[in-house]
>>> print(open('coords28.cif').read())   # mmCIF, C-alpha atoms and all ligand atoms
data_entry
#
loop_
_atom_site.label_atom_id
_atom_site.label_comp_id
_atom_site.auth_asym_id
_atom_site.auth_seq_id
_atom_site.Cartn_x
_atom_site.Cartn_y
_atom_site.Cartn_z
CA MET A 13 -1.42 10.98 15.71
CA ILE A 14 -2.35 8.73 12.80
CA TYR A 15 -0.84 5.32 13.33
CA LEU A 16 -0.33 3.40 10.10
CA ASP A 17 2.19 0.79 11.23
CA ASN A 18 -0.29 -1.81 12.48
CA ALA A 19 1.68 -4.68 10.93
CA ALA A 20 4.46 -3.87 13.40
CA THR A 21 2.08 -3.91 16.33
CA THR A 22 -1.39 -2.74 17.21
CA ARG A 23 -2.89 -0.69 20.00
CA PRO A 24 -4.67 -3.08 22.39
CA PHE A 25 -8.46 -2.73 22.46
CA ASP A 26 -9.81 -0.98 25.57
CA ASN A 27 -11.83 -4.08 26.52
CA VAL A 28 -8.65 -6.19 26.26
CA ILE A 29 -6.82 -3.92 28.70
CA GLU A 30 -9.84 -3.92 31.01
CA ARG A 31 -10.17 -7.72 30.92
CA MET A 32 -6.44 -8.16 31.61
CA ARG A 33 -6.49 -5.68 34.47
CA ASP A 34 -9.48 -7.41 36.02
CA PHE A 35 -7.92 -10.86 35.59
CA SER A 36 -4.54 -9.75 36.98
CA GLN A 37 -6.19 -8.28 40.05
CA ASN A 38 -8.83 -10.90 40.75
CA CYS A 39 -7.64 -14.13 39.22
CA TYR A 40 -3.88 -13.95 39.63
CA PHE A 41 -3.56 -17.50 40.99
CA ASN A 42 -1.10 -19.99 39.58
CA PRO A 43 -3.16 -22.30 37.37
CA SER A 44 -1.07 -25.28 38.50
CA ALA A 45 -1.94 -24.87 42.21
CA LEU A 46 -4.45 -27.20 43.80
CA TYR A 47 -7.01 -24.86 45.37
CA GLY A 48 -10.28 -23.49 44.05
CA PRO A 49 -9.25 -20.07 42.67
CA SER A 50 -6.42 -21.71 40.71
CA PHE A 51 -8.89 -24.02 39.05
CA VAL A 52 -10.80 -20.95 37.90
CA ALA A 53 -7.60 -19.52 36.35
CA ALA A 54 -6.78 -22.87 34.71
CA LYS A 55 -10.33 -23.15 33.36
CA GLU A 56 -10.16 -19.68 31.82
CA VAL A 57 -6.83 -20.48 30.15
CA ASP A 58 -8.27 -23.67 28.69
CA LYS A 59 -11.41 -21.87 27.51
CA VAL A 60 -9.26 -19.40 25.56
CA ARG A 61 -7.05 -22.23 24.31
CA ALA A 62 -10.08 -24.08 22.92
CA TYR A 63 -11.52 -20.93 21.37
CA ILE A 64 -8.30 -19.90 19.60
CA ALA A 65 -7.61 -23.47 18.45
CA SER A 66 -11.12 -23.71 16.99
CA ARG A 67 -10.38 -20.59 14.93
CA ILE A 68 -7.32 -22.21 13.32
CA GLY A 69 -8.47 -25.72 12.46
CA SER A 70 -10.38 -28.71 13.75
CA GLY A 71 -8.91 -31.42 15.95
CA GLY A 72 -5.66 -29.54 16.61
CA LYS A 73 -3.96 -28.52 19.83
CA LEU A 74 -2.81 -25.07 20.85
CA TYR A 75 0.20 -24.33 23.03
CA PHE A 76 0.83 -20.85 24.38
CA THR A 77 4.28 -19.32 23.94
CA SER A 78 5.80 -15.93 24.74
CA CYS A 79 5.59 -14.70 21.11
CA ALA A 80 5.45 -15.89 17.52
CA THR A 81 9.24 -15.80 17.31
CA GLU A 82 9.23 -18.51 19.96
CA SER A 83 6.48 -20.44 18.14
CA ASN A 84 8.47 -20.33 14.90
CA THR A 85 11.63 -21.44 16.68
CA TRP A 86 9.78 -24.30 18.35
CA ALA A 87 8.39 -25.40 14.98
CA PHE A 88 11.96 -25.64 13.66
CA HIS A 89 13.15 -27.57 16.73
CA SER A 90 10.37 -30.08 16.31
CA GLY A 91 10.48 -30.24 12.58
CA ILE A 92 14.09 -31.26 12.20
CA LYS A 93 14.60 -33.95 14.77
CA ASN A 94 18.16 -35.35 14.48
CA LYS A 95 18.88 -32.87 11.68
CA LYS A 96 17.92 -35.48 9.13
CA GLY A 97 16.75 -34.64 5.64
CA ASN A 98 16.44 -31.20 4.09
CA ILE A 99 14.45 -28.11 4.96
CA VAL A 100 12.61 -25.92 2.50
CA ILE A 101 11.62 -22.33 3.27
CA SER A 102 10.67 -19.35 1.12
CA MET A 103 12.64 -16.14 0.71
CA GLY A 104 9.53 -14.30 1.87
CA GLU A 105 9.75 -15.48 5.47
CA HIS A 106 9.86 -13.24 8.51
CA ALA A 107 13.29 -13.01 10.15
CA SER A 108 12.15 -15.32 12.96
CA VAL A 109 11.84 -18.13 10.42
CA TYR A 110 14.62 -17.13 8.07
CA GLU A 111 17.25 -16.77 10.80
CA ASN A 112 16.31 -20.14 12.31
CA ALA A 113 16.86 -21.71 8.90
CA LYS A 114 20.20 -19.94 8.46
CA ASN A 115 21.28 -21.05 11.90
CA LEU A 116 20.57 -24.68 10.98
CA MET A 117 22.39 -24.22 7.71
CA SER A 118 25.44 -23.07 9.62
CA GLN A 119 25.25 -26.38 11.51
CA GLY A 120 25.39 -28.32 8.27
CA VAL A 121 21.69 -28.87 7.61
CA ASP A 122 20.65 -28.86 3.94
CA VAL A 123 18.40 -25.77 3.77
CA ARG A 124 16.77 -24.85 0.46
CA PHE A 125 15.52 -21.32 -0.12
CA VAL A 126 12.70 -20.89 -2.61
CA GLY A 127 12.45 -17.61 -4.54
CA LEU A 128 9.44 -15.37 -4.96
CA ASN A 129 7.45 -14.18 -7.94
CA SER A 130 7.34 -10.45 -8.63
CA ASP A 131 4.02 -10.22 -6.75
CA GLY A 132 5.61 -11.70 -3.60
CA THR A 133 4.03 -15.16 -3.82
CA VAL A 134 6.22 -18.24 -3.53
CA ASN A 135 7.54 -19.40 -6.91
CA GLU A 136 5.79 -22.73 -7.22
CA ASN A 137 8.10 -24.09 -9.92
CA GLU A 138 11.11 -23.50 -7.70
CA PHE A 139 9.19 -24.94 -4.75
CA VAL A 140 8.41 -28.14 -6.64
CA LYS A 141 12.10 -28.50 -7.55
CA ALA A 142 13.25 -27.90 -3.97
CA VAL A 143 10.99 -30.44 -2.24
CA ASP A 144 12.01 -34.09 -2.53
CA SER A 145 11.46 -37.33 -0.66
CA ASP A 146 14.15 -36.33 1.90
CA THR A 147 12.42 -33.10 2.85
CA SER A 148 11.59 -33.19 6.55
CA PHE A 149 10.37 -29.66 7.23
CA VAL A 150 8.82 -26.88 5.16
CA SER A 151 7.99 -23.36 6.28
CA VAL A 152 6.01 -20.90 4.16
CA ILE A 153 4.51 -17.69 5.46
CA HIS A 154 0.74 -17.39 5.08
CA CYS A 155 0.51 -13.61 4.65
CA SER A 156 3.64 -11.53 4.10
CA ASN A 157 4.40 -8.98 6.80
CA GLU A 158 6.14 -6.83 4.17
CA THR A 159 3.63 -6.78 1.32
CA GLY A 160 0.44 -8.44 2.56
CA THR A 161 0.75 -11.07 -0.19
CA ILE A 162 -1.16 -14.26 0.63
CA ASN A 163 0.41 -17.56 -0.38
CA ASN A 164 -1.58 -20.43 -1.81
CA LEU A 165 -0.77 -22.81 1.03
CA LYS A 166 -3.26 -25.42 -0.10
CA SER A 167 -1.44 -26.00 -3.34
CA LEU A 168 1.99 -26.05 -1.62
CA THR A 169 0.94 -28.50 1.12
CA ALA A 170 -0.66 -30.78 -1.47
CA HIS A 171 2.65 -31.02 -3.31
CA VAL A 172 4.60 -31.69 -0.11
CA LYS A 173 2.21 -34.44 1.01
CA LYS A 174 2.59 -36.09 -2.39
CA VAL A 175 6.39 -36.00 -2.55
CA ALA A 176 7.42 -36.10 1.12
CA SER A 177 4.44 -37.48 3.01
CA LYS A 178 6.22 -37.41 6.39
CA ALA A 179 7.44 -33.82 6.09
CA ILE A 180 6.03 -31.30 8.54
CA PHE A 181 4.51 -28.20 6.97
CA HIS A 182 4.72 -25.09 9.13
CA SER A 183 3.25 -21.72 8.34
CA ASP A 184 3.82 -18.38 10.05
CA GLY A 185 0.29 -17.07 10.35
CA VAL A 186 1.04 -13.93 12.35
CA GLN A 187 -0.23 -11.44 9.76
CA ALA A 188 -3.08 -13.68 8.63
CA PHE A 189 -4.71 -14.89 11.82
CA GLY A 190 -7.85 -12.93 12.73
CA LYS A 191 -7.48 -10.87 9.56
CA ILE A 192 -8.11 -13.24 6.68
CA GLY A 193 -9.85 -16.62 6.65
CA VAL A 194 -7.70 -19.32 8.27
CA ASN A 195 -8.50 -23.02 8.23
CA CYS A 196 -5.34 -25.09 8.64
CA THR A 197 -7.26 -28.34 8.38
CA ASP A 198 -8.45 -27.36 4.94
CA LEU A 199 -5.06 -25.86 4.00
CA GLY A 200 -3.20 -29.02 5.03
CA VAL A 201 -0.88 -27.16 7.41
CA ASP A 202 0.64 -29.08 10.36
CA LEU A 203 1.98 -26.23 12.50
CA TYR A 204 0.78 -22.62 12.61
CA SER A 205 2.30 -19.70 14.55
CA ILE A 206 0.28 -16.74 15.82
CA SER A 207 0.80 -13.67 17.99
CA ALA A 208 -1.68 -11.56 19.99
CA HIS A 209 -0.14 -8.14 19.50
CA LYS A 210 -1.01 -8.04 15.80
CA ILE A 211 -4.73 -8.22 16.56
CA CYS A 212 -5.02 -5.59 19.28
CA GLY A 213 -4.03 -7.99 22.03
CA PRO A 214 -1.10 -7.76 24.44
CA LYS A 215 2.56 -8.15 23.51
CA GLY A 216 4.46 -11.13 24.87
CA ILE A 217 1.90 -13.84 24.14
CA GLY A 218 1.83 -16.12 21.12
CA ALA A 219 0.84 -19.67 20.34
CA LEU A 220 1.69 -22.64 18.19
CA TRP A 221 -1.20 -24.64 16.73
CA VAL A 222 -0.41 -28.29 16.12
CA ARG A 223 -2.45 -30.57 13.90
CA GLY A 224 -4.10 -33.50 15.71
CA GLY A 225 -1.94 -36.62 15.83
CA LEU A 226 1.35 -34.75 15.52
CA ASN A 227 3.66 -34.97 18.53
CA LEU A 228 6.02 -32.11 19.26
CA SER A 229 9.29 -32.32 21.15
CA PRO A 230 9.31 -30.22 24.34
CA LEU A 231 10.72 -26.73 24.01
CA LEU A 232 11.21 -25.81 27.68
CA HIS A 233 11.67 -28.41 30.41
CA GLY A 234 10.54 -27.71 33.94
CA GLY A 235 7.20 -27.68 35.75
CA GLY A 236 5.36 -29.43 32.96
CA GLN A 237 2.96 -26.69 31.86
CA GLU A 238 1.45 -26.77 28.36
CA ALA A 239 1.12 -30.56 28.48
CA GLY A 240 4.77 -30.88 29.46
CA LEU A 241 5.96 -29.31 26.24
CA ARG A 242 6.56 -25.72 27.20
CA SER A 243 7.18 -25.32 30.90
CA GLY A 244 6.87 -22.00 32.68
CA THR A 245 3.98 -20.45 34.59
CA GLU A 246 1.31 -19.41 32.13
CA ASN A 247 0.97 -15.70 31.37
CA THR A 248 -2.67 -15.96 32.35
CA SER A 249 -3.77 -12.34 31.99
CA ALA A 250 -2.11 -12.10 28.56
CA ILE A 251 -3.83 -15.33 27.53
CA VAL A 252 -7.28 -14.03 28.46
CA GLY A 253 -6.35 -10.77 26.71
CA PHE A 254 -5.47 -12.77 23.59
CA GLY A 255 -8.89 -14.45 23.63
CA GLU A 256 -10.68 -11.15 24.17
CA ALA A 257 -8.71 -9.50 21.35
CA LEU A 258 -9.58 -12.28 18.92
CA LYS A 259 -13.27 -12.04 19.75
CA THR A 260 -13.30 -8.28 19.21
CA PHE A 261 -11.08 -8.36 16.14
CA THR A 262 -13.46 -10.86 14.55
CA GLU A 263 -16.20 -8.23 14.65
CA ILE A 264 -14.11 -5.79 12.58
CA SER A 265 -15.40 -5.37 9.07
CA ALA A 266 -12.74 -6.39 6.56
CA ASP A 267 -14.61 -4.21 4.06
CA LYS A 268 -13.95 -1.14 6.20
CA ILE A 269 -10.23 -1.95 6.22
CA SER A 270 -10.23 -2.67 2.47
CA GLU A 271 -11.89 0.66 1.80
CA MET A 272 -9.14 2.50 3.69
CA ARG A 273 -6.47 0.57 1.78
CA GLU A 274 -8.14 1.35 -1.54
CA THR A 275 -8.41 5.03 -0.63
CA VAL A 276 -4.69 5.27 0.09
CA LYS A 277 -3.84 3.26 -3.01
CA LYS A 278 -5.98 5.52 -5.19
CA ILE A 279 -4.54 8.74 -3.75
CA LEU A 280 -0.93 7.57 -3.98
CA SER A 281 -1.24 5.91 -7.37
CA SER A 282 0.65 7.59 -10.14
CA ASP A 283 3.37 6.52 -12.53
CA ILE A 284 6.08 7.23 -9.97
CA ILE A 285 4.73 4.82 -7.36
CA ALA A 286 4.75 1.04 -7.68
CA ILE A 287 2.39 -0.96 -5.50
CA ASN A 288 3.89 -4.25 -4.30
CA GLU A 289 0.90 -6.51 -4.21
CA ALA A 290 -0.49 -9.83 -5.35
CA HIS A 291 -4.00 -10.64 -6.50
CA MET A 292 -4.54 -12.39 -3.16
CA HIS A 293 -3.57 -9.88 -0.51
CA SER A 294 -4.42 -8.81 3.00
CA PRO A 295 -6.58 -5.69 3.28
CA TYR A 296 -4.40 -4.65 6.22
CA ILE A 297 -1.11 -3.98 4.39
CA LEU A 298 -0.15 -1.71 1.51
CA SER A 299 3.46 -1.79 0.32
CA VAL A 300 4.62 0.98 -1.96
CA SER A 301 7.95 1.59 -3.70
CA VAL A 302 8.96 5.06 -4.80
CA GLU A 303 12.12 5.37 -6.83
CA GLY A 304 14.31 8.36 -6.09
CA ILE A 305 13.54 8.87 -2.41
CA LYS A 306 14.88 7.38 0.80
CA ALA A 307 12.07 5.75 2.74
CA GLU A 308 13.70 6.54 6.11
CA ILE A 309 13.66 10.23 5.30
CA LEU A 310 10.02 10.02 4.25
CA GLN A 311 9.22 8.15 7.45
CA ARG A 312 10.88 10.86 9.57
CA LYS A 313 9.21 13.67 7.64
CA LEU A 314 5.80 12.08 8.17
CA ALA A 315 6.50 11.37 11.83
CA ALA A 316 7.09 15.09 12.25
CA GLN A 317 3.54 15.54 10.94
CA ASN A 318 2.22 12.89 13.33
CA ILE A 319 1.80 10.15 10.74
CA LEU A 320 3.58 6.90 11.59
CA ILE A 321 4.30 4.49 8.76
CA GLY A 322 6.58 1.46 8.46
CA LEU A 323 9.55 0.46 6.34
CA GLY A 324 8.80 -3.13 5.41
CA SER A 325 9.37 -5.33 8.41
CA ALA A 326 9.80 -3.47 11.68
CA CYS A 327 12.23 -6.15 12.84
CA SER A 328 14.54 -5.57 9.91
CA SER A 329 14.00 -1.86 9.26
CA ARG A 330 17.34 -1.09 10.85
CA PHE A 331 19.06 -3.04 8.10
CA LYS A 332 19.54 -1.63 4.65
CA LYS A 333 18.81 -4.57 2.43
CA ASN A 334 15.24 -5.77 2.20
CA ARG A 335 15.49 -9.49 1.47
CA VAL A 336 11.82 -9.92 0.57
CA LEU A 337 11.51 -7.04 -1.90
CA SER A 338 14.86 -8.04 -3.32
CA ALA A 339 13.58 -11.61 -3.89
CA MET A 340 10.59 -10.06 -5.68
CA GLY A 341 13.04 -8.52 -8.15
CA ARG A 342 12.82 -4.92 -6.93
CA CYS A 343 15.91 -2.88 -7.75
CA GLU A 344 17.98 -1.07 -5.15
CA ARG A 345 16.36 2.31 -5.87
CA GLN A 346 12.89 0.82 -5.42
CA ILE A 347 13.87 -0.92 -2.21
CA GLU A 348 15.41 2.25 -0.81
CA GLY A 349 12.12 4.02 -1.39
CA SER A 350 9.79 1.33 -0.04
CA ILE A 351 7.28 2.03 2.66
CA ARG A 352 4.66 -0.10 4.35
CA ILE A 353 1.34 1.44 5.31
CA SER A 354 -0.64 -0.91 7.52
CA PHE A 355 -4.12 -0.46 8.87
CA GLY A 356 -5.92 -1.35 12.05
CA PRO A 357 -9.39 -1.21 13.51
CA GLN A 358 -8.71 2.09 15.26
CA ASN A 359 -7.97 3.94 12.01
CA LEU A 360 -10.69 6.31 10.83
CA HIS A 361 -11.58 6.73 7.19
CA ASP A 362 -11.54 10.56 7.42
CA ASP A 363 -8.00 10.53 8.86
CA ILE A 364 -6.87 8.14 6.17
CA GLU A 365 -7.74 10.47 3.33
CA TRP A 366 -5.80 13.34 4.90
CA ALA A 367 -2.88 11.04 5.73
CA ALA A 368 -2.70 9.70 2.18
CA ASN A 369 -2.67 13.21 0.72
CA THR A 370 0.03 14.23 3.19
CA ILE A 371 2.11 11.17 2.27
CA LYS A 372 1.73 12.01 -1.40
CA GLU A 373 2.80 15.64 -0.86
CA ALA A 374 5.80 14.47 1.19
CA ILE A 375 6.82 12.08 -1.59
CA PHE A 376 6.61 14.84 -4.19
CA SER A 377 8.55 17.26 -2.04
CA LEU A 378 11.34 14.69 -1.49
CA LYS A 379 11.46 13.86 -5.16
CA SER A 380 11.91 17.49 -6.09
CA ILE A 381 14.95 17.97 -3.83
N1 LIG A 401 6.10 -13.42 11.92
C1 LIG A 401 5.58 -12.36 11.30
C2 LIG A 401 5.04 -12.53 9.93
C3 LIG A 401 5.56 -11.11 11.92
O1 LIG A 401 5.06 -10.05 11.29
C4 LIG A 401 6.10 -11.00 13.23
C5 LIG A 401 6.17 -9.69 13.90
O2 LIG A 401 6.62 -8.71 13.36
C6 LIG A 401 6.62 -12.15 13.84
C7 LIG A 401 6.60 -13.34 13.16
C8 LIG A 401 7.19 -12.11 15.22
O3 LIG A 401 6.14 -12.01 16.14
P1 LIG A 401 6.44 -11.73 17.69
O4 LIG A 401 6.66 -10.27 17.80
O5 LIG A 401 5.19 -12.18 18.40
O6 LIG A 401 7.62 -12.53 18.04
#
>>> encode(input="coords28.cif", output="structure tokens")
Amino acid sequence: MIYLDNAATTRPFDNVIERMRDFSQNCYFNPSALYGPSFVAAKEVDKVRAYIASRIGSGGKLYFTSCATESNTWAFHSGIKNKKGNIVISMGEHASVYENAKNLMSQGVDVRFVGLNSDGTVNENEFVKAVDSDTSFVSVIHCSNETGTINNLKSLTAHVKKVASKAIFHSDGVQAFGKIGVNCTDLGVDLYSISAHKICGPKGIGALWVRGGLNLSPLLHGGGQEAGLRSGTENTSAIVGFGEALKTFTEISADKISEMRETVKKILSSDIIAINEAHMHSPYILSVSVEGIKAEILQRKLAAQNILIGLGSACSSRFKKNRVLSAMGRCERQIEGSIRISFGPQNLHDDIEWAANTIKEAIFSLKSI
């Protein structure tokens, strides 16, 4: 099987599984207990916490969550204390941000949605118009899960700090973290959400990075774990798996991934295929629109040949309308025929060439029906 849906999730590295198995068997103690082996567990958790935090920015704190959806939700909870002021988000957000914003809107909060340029980046003119001195919370995705487009967060945060200096700037970094350079201190980001299963770590573990000096409201009350902000016994083996995955993912050559992406792009390129990409993009995602075919049918046809590809966001692939591509100005026929090919460290260049040719043949055969 050739798995090309790595933006949906990745296969955990063998060493991650091994480390988690070992930790689950030999260091299963509750990190909050007051005997020796528990201290070892707590120390390991804090070692990983410090390591991951250091890879996001300097002087920040990292809190573990059950997934990035939870991190994004927590960011919203903290960002809009007392529902005062307005919220600004982009139309390119993952559902776990977008639906939180819509939920607040249904409760009467002033939520402003900023459109996208045709390359998927946030429309900065619209952004400037949307942010004002009453803005309390902003959320802009770092790297799009649909197209791989990278937003210029530095320029957006600079504008927010100028106009609404107290506003909290959150970014969903799930598709960026470990894959492209991330430095939230330099970018001016206050809150950053990440998830282990996109970098060959386990599912069910995420984190929220918080800039130094910023105080969050608690998300879960209870035993007081995660500095009293997110109670619940730590998922210790998943946390050590997260750390292990990040270390290993860091060794992956981005050039190797870029080469695979370029190979597919070159093979698929023709006047019937439009590539949805920006100048600044992740090497891990290639989004392609083909007018005149139904992407679901292409996906099924390829699955029958053991090639697994995605349809934009895995979370929203059950729904017809693709909000992100639509905000980029793609027409219905283009959206219907949009696929997402996403790469991972386990992909092999030789497989990729065959897969790309098979995808191309499948597209041509569907177009001729
Ligand atoms: N944000 C982005 C950009 C994603 O791609 C995903 C996963 O698809 C999520 C958030 C949600 O992550 P999780 O599965 O950890 O909740």
>>> residues_near_point(input="coords28.cif", point="(-0.4, -25.2, 11.1)", cutoff="6 Å", atoms="all atoms listed in the file", output="MDAnalysis selection string")
chainID A and resid 182:183 196 201:204 221:222
>>> write_last_selection(input="coords28.cif", atoms="C-alpha atoms", output="JSON list (two decimals), in the coordinates of the input")
[["chain", "number", "residue", "atom", "x", "y", "z"],
["A", 182, "HIS", "CA", 4.72, -25.09, 9.13],
["A", 183, "SER", "CA", 3.25, -21.72, 8.34],
["A", 196, "CYS", "CA", -5.34, -25.09, 8.64],
["A", 201, "VAL", "CA", -0.88, -27.16, 7.41],
["A", 202, "ASP", "CA", 0.64, -29.08, 10.36],
["A", 203, "LEU", "CA", 1.98, -26.23, 12.50],
["A", 204, "TYR", "CA", 0.78, -22.62, 12.61],
["A", 221, "TRP", "CA", -1.20, -24.64, 16.73],
["A", 222, "VAL", "CA", -0.41, -28.29, 16.12]]
>>> closest_residue(input="coords28.cif", among="A:Met117, A:Asn38, A:Thr370, A:Gly104", to="A:Ser50", atoms="all atoms listed in the file")
A:Asn38
>>> atom_distance(input="coords28.cif", atom1="atom CA of A:Ser350", atom2="atom CA of A:Leu378")
13.5 Å
>>> residues_near_ligand(input="coords28.cif", ligand="ligand LIG 401 (chain A)", cutoff="9 Å", atoms="only C-alpha atoms and all ligand atoms", output="JSON, numbers by chain")
{"A": [19, 20, 21, 78, 79, 80, 81, 82, 83, 84, 105, 106, 107, 108, 109, 153, 154, 155, 156, 157, 158, 184, 185, 186, 187, 188, 205, 206, 207, 208, 209, 210, 215, 216, 217, 218, 219, 325, 326, 327]}
>>> closest_residue(input="coords28.cif", among="A:Phe254, A:Gly48, A:Gly240, A:Phe125", to="A:Asn227", atoms="all atoms listed in the file")
A:Gly240
>>> closest_residue(input="coords28.cif", among="A:Val134, A:Ile319, A:Val100, A:Val126", to="A:Val172", atoms="only C-alpha atoms")
A:Val100
>>> atom_distance(input="coords28.cif", atom1="atom CA of A:Gln358", atom2="atom CA of A:Phe25")
8.7 Å
>>> residues_near_point(input="coords28.cif", point="(19.5, -32.8, 5.3)", cutoff="10 Å", atoms="only C-alpha atoms", output="list in words")
Ile92, Asn94, Lys95, Lys96, Gly97, Asn98, Ile99, Leu116, Met117, Gly120, Val121, Asp122, Val123, Arg124, Asp146, Thr147, Ser148 and Phe149 of chain A
>>> closest_residue(input="coords28.cif", among="A:Asn334, A:Thr197, A:Ser229, A:Thr133", to="A:Gly91", atoms="all atoms listed in the file")
A:Ser229
>>> residues_around(input="coords28.cif", residues="A:Ser282", least_positions_apart="3", cutoff="12 Å", atoms="all atoms listed in the file", output="count of residues only")
13
>>> residues_around(input="coords28.cif", residues="A:Gly69", least_positions_apart="3", cutoff="8 Å", atoms="all atoms listed in the file", output="count of residues only")
9
>>> atom_distance(input="coords28.cif", atom1="atom CA of A:Ser44", atom2="atom CA of A:Gly236")
9.4 Å
>>> closest_residue(input="coords28.cif", among="A:Asp363, A:Glu136, A:Glu246, A:Asp34", to="A:Asp58", atoms="all atoms listed in the file")
A:Glu246
>>> closest_residue(input="coords28.cif", among="A:Leu310, A:Met103, A:Ile180, A:Met272", to="A:Trp366", atoms="all atoms listed in the file")
A:Met272
>>> residues_around(input="coords28.cif", residues="A:Glu56", least_positions_apart="4", cutoff="9 Å", atoms="all atoms listed in the file", output="PyMOL selection string")
chain A and resi 51-52+60-61+248+251-252
>>> decode(input="coords28.cif", residues="stretch 84-95 of chain A", atoms="N, CA, C and O atoms", output="tab-separated table (two decimals), in the first residue's frame")
chain	number	residue	atom	x	y	z
A	84	ASN	N	-7.06	23.83	20.59
A	84	ASN	CA	-7.72	24.95	19.91
A	84	ASN	C	-8.92	25.45	20.72
A	84	ASN	O	-9.14	26.66	20.86
A	85	THR	N	-9.68	24.51	21.25
A	85	THR	CA	-10.86	24.87	22.04
A	85	THR	C	-10.45	25.63	23.30
A	85	THR	O	-11.06	26.64	23.67
A	86	TRP	N	-9.39	25.16	23.93
A	86	TRP	CA	-8.88	25.82	25.14
A	86	TRP	C	-8.43	27.25	24.81
A	86	TRP	O	-8.70	28.18	25.57
A	87	ALA	N	-7.77	27.40	23.68
A	87	ALA	CA	-7.31	28.73	23.27
A	87	ALA	C	-8.50	29.68	23.17
A	87	ALA	O	-8.45	30.82	23.65
A	88	PHE	N	-9.60	29.20	22.59
A	88	PHE	CA	-10.81	30.04	22.48
A	88	PHE	C	-11.36	30.38	23.86
A	88	PHE	O	-11.70	31.52	24.13
A	89	HIS	N	-11.43	29.37	24.73
A	89	HIS	CA	-11.97	29.59	26.09
A	89	HIS	C	-11.19	30.68	26.79
A	89	HIS	O	-11.74	31.53	27.48
A	90	SER	N	-9.86	30.61	26.64
A	90	SER	CA	-9.01	31.56	27.35
A	90	SER	C	-9.00	32.92	26.70
A	90	SER	O	-8.84	33.94	27.35
A	91	GLY	N	-9.12	32.87	25.38
A	91	GLY	CA	-8.98	34.12	24.62
A	91	GLY	C	-10.16	35.05	24.73
A	91	GLY	O	-10.05	36.24	24.47
A	92	ILE	N	-11.32	34.53	25.09
A	92	ILE	CA	-12.50	35.40	25.06
A	92	ILE	C	-13.18	35.47	26.42
A	92	ILE	O	-14.38	35.31	26.53
A	93	LYS	N	-12.35	35.70	27.41
A	93	LYS	CA	-12.92	35.80	28.77
A	93	LYS	C	-14.07	36.80	28.76
A	93	LYS	O	-13.98	37.86	28.17
A	94	ASN	N	-15.16	36.46	29.37
A	94	ASN	CA	-16.35	37.31	29.52
A	94	ASN	C	-17.00	37.70	28.19
A	94	ASN	O	-17.82	38.61	28.13
A	95	LYS	N	-16.59	37.06	27.13
A	95	LYS	CA	-17.15	37.31	25.80
A	95	LYS	C	-17.10	38.80	25.43
A	95	LYS	O	-17.99	39.32	24.76
